[in-house]
Amino acid sequence: AGEQKETLGYYEGVADVYDDVAHLSFRIQYVDEVEARRGFVRLLGLQPHSRVLELACGTGRDSKIIAGELDATGQLYLQDISPAMLLQSRRKLSGVAVPVEFVVGNACFLPFPDRYFDAVFSFGGLGVFGDIAKSLKEVVRVSKVGAKVVAGDESMPPWLYETEYGKVLLNNNPLFKKAIPFEQIPVEAREVVVRWVVGGVYYLIEFVVGEGEPKADFDLEIPGKRGGTLRTRYYGGLEGVTPEAKQLAQRAREASGKSMHRWLDDVVREAAKRELNSPRGGDEKGDHDGE
Ligand SMILES: C[S@@+](CC[C@H](N)C(=O)[O-])C[C@H]1O[C@@H](n2cnc3c(N)ncnc32)[C@H](O)[C@@H]1O
């Protein structure tokens, strides 16, 4: 919370001059800022009627480009923790065709319903959000399934730390030392692309919002001696047996022509049924767990 207060105080203080210097981070890298930002926004694949959320929009340097992709049937929500920065974006966006809502708030707590947006964008704020994982979770919550998310911030590739390029830039902006938040990418992210942009010292994470974890066929029978499926291999672990019993089982399996998983499954199933049907079936007396 202290860090957030400090960030807020900083941006409240620089809001009036932010636009005088923001282009320099791009110019230093010999990159045209507007061209670069257009490229980021293009990744959202917007339609004129899209409902778009931009987090940490600042003074609206990307917001203006996003608004240009939308018409009166679209909706643009601009959010920032700093009222002073947001005020600048409001000035910049006066007269655009798309209806715009300005929202003061923390990117970790989004005041929007589930599955509301077609696209979510954020550039330059992630590293100071306080809890990136929480913010990206919120982004997924408020995004429709199939929505596009593009988010990026400073991060220099580690192999450049010891170069002159790296040392000089890091000396000027320690935020370049922040790591790309790979572990904070939500499990719902699909078709994930992570790239470095702006001279290679900023990253962009791009993904499509899916539902839950990715799916794989855990029940596909795997051919061969061991056999089984990914599910039986993971969930079907048995208590250990003696080396002699294991050897006997391997010989019996070979004779049966079955895979080890199939043979074991049949044998255990049969033995369990037999036991349960015997006069003392289900009687747990004498079943001492020595652990
Ligand atoms: C470097 S500026 C980037 C502004 C703009 N996106 C751009 O590219 O020019 C970072 C912005 O993040 C905002 N910010 C920082 N922490 C935030 C948070 N937790 N929630 C929302 N905005 C935040 C700041 O107020 C500031 O406007």
# chains A, B, ... in the order shown; residues from 1 in each chain; ligands from 1
$ residues_around --residues "Ser25 (chain A)" --least-positions-apart "2" --cutoff "12 Å" --atoms "only C-alpha atoms" --output "NGL selection string"
:A and (18-23 or 27-33 or 36 or 124 or 153-154 or 169 or 172-173 or 176 or 197-202)
$ select_by_dssp --residues "region 200-275 of chain A" --states "helix (DSSP H, G or I)" --output "ChimeraX atom specification"
/A:230-235,243-256,260-275
$ residues_around --residues "region 75-87 of chain A" --least-positions-apart "5" --cutoff "6 Å" --atoms "only C-alpha atoms" --output "number ranges by chain"
A: 8, 12, 15, 51-59, 98-106
$ closest_residue --among "A:Gly130, A:Gly212, A:Gly45, A:Gly240" --to "ligand 1" --atoms "only C-alpha atoms and all ligand atoms"
A:Gly130
$ atom_distance --atom1 "CA of Leu126 (chain A)" --atom2 "atom 9 (O, counted along the ligand's line) of ligand 1"
11.9 Å
$ select_by_dssp --residues "region 197-247 of chain A" --states "strand (DSSP E)" --output "VMD selection string"
chain A and resid 197 202 to 209
$ residues_around --residues "Val96 (chain A)" --least-positions-apart "3" --cutoff "9 Å" --atoms "only C-alpha atoms" --output "PyMOL selection string"
chain A and resi 64+67-68+71-72+93+99-100
$ residues_around --residues "Pro223 (chain A)" --least-positions-apart "3" --cutoff "12 Å" --atoms "only C-alpha atoms" --output "PyMOL selection string"
chain A and resi 220+226-230+258-262
$ atom_distance --atom1 "CA of Lys225 (chain A)" --atom2 "CA of Leu264 (chain A)"
12.0 Å
$ atom_distance --atom1 "CA of Glu69 (chain A)" --atom2 "atom 19 (N, counted along the ligand's line) of ligand 1"
25.9 Å
$ closest_residue --among "A:Cys108, A:Ile185, A:Ile205, A:Leu46" --to "ligand 1" --atoms "only C-alpha atoms and all ligand atoms"
A:Cys108
$ residues_around --residues "Phe207 (chain A)" --least-positions-apart "3" --cutoff "9 Å" --atoms "only C-alpha atoms" --output "list in words"
Ala147, Lys148, Val149, Val150, Ala189, Arg190, Glu191, Val192, Val193 and Val194 of chain A
$ residues_around --residues "Ser135 (chain A)" --least-positions-apart "2" --cutoff "6 Å" --atoms "only C-alpha atoms" --output "list in words"
Ala107, Cys108, Ile132, Ala133, Lys137 and Glu138 of chain A
$ write_last_selection --atoms "N, CA and C atoms" --output "PDB file, in the first residue's frame"
ATOM      1  N   ALA A 107      -5.650  -0.827 -10.501  1.00  0.00           N
ATOM      2  CA  ALA A 107      -5.767  -1.890 -11.510  1.00  0.00           C
ATOM      3  C   ALA A 107      -5.915  -3.279 -10.890  1.00  0.00           C
ATOM      4  N   CYS A 108      -5.728  -3.389  -9.575  1.00  0.00           N
ATOM      5  CA  CYS A 108      -5.870  -4.691  -8.916  1.00  0.00           C
ATOM      6  C   CYS A 108      -7.305  -4.947  -8.453  1.00  0.00           C
ATOM      7  N   ILE A 132       0.816  -7.736  -9.609  1.00  0.00           N
ATOM      8  CA  ILE A 132       0.554  -7.957 -11.045  1.00  0.00           C
ATOM      9  C   ILE A 132      -0.364  -9.160 -11.246  1.00  0.00           C
ATOM     10  N   ALA A 133      -0.137 -10.226 -10.447  1.00  0.00           N
ATOM     11  CA  ALA A 133      -0.952 -11.439 -10.607  1.00  0.00           C
ATOM     12  C   ALA A 133      -2.421 -11.114 -10.359  1.00  0.00           C
ATOM     13  N   LYS A 137      -5.455 -11.312 -13.032  1.00  0.00           N
ATOM     14  CA  LYS A 137      -6.625 -12.150 -12.704  1.00  0.00           C
ATOM     15  C   LYS A 137      -7.904 -11.342 -12.899  1.00  0.00           C
ATOM     16  N   GLU A 138      -7.851 -10.093 -12.436  1.00  0.00           N
ATOM     17  CA  GLU A 138      -8.999  -9.204 -12.605  1.00  0.00           C
ATOM     18  C   GLU A 138      -9.271  -8.949 -14.089  1.00  0.00           C
TER      19      GLU A 138
END
$ closest_residue --among "A:Pro158, A:Gly127, A:Gly13, A:Gly146" --to "Leu175 (chain A)" --atoms "only C-alpha atoms"
A:Gly127
$ closest_residue --among "A:Gly125, A:Pro279, A:Gly2, A:Gly74" --to "ligand 1" --atoms "only C-alpha atoms and all ligand atoms"
A:Gly125
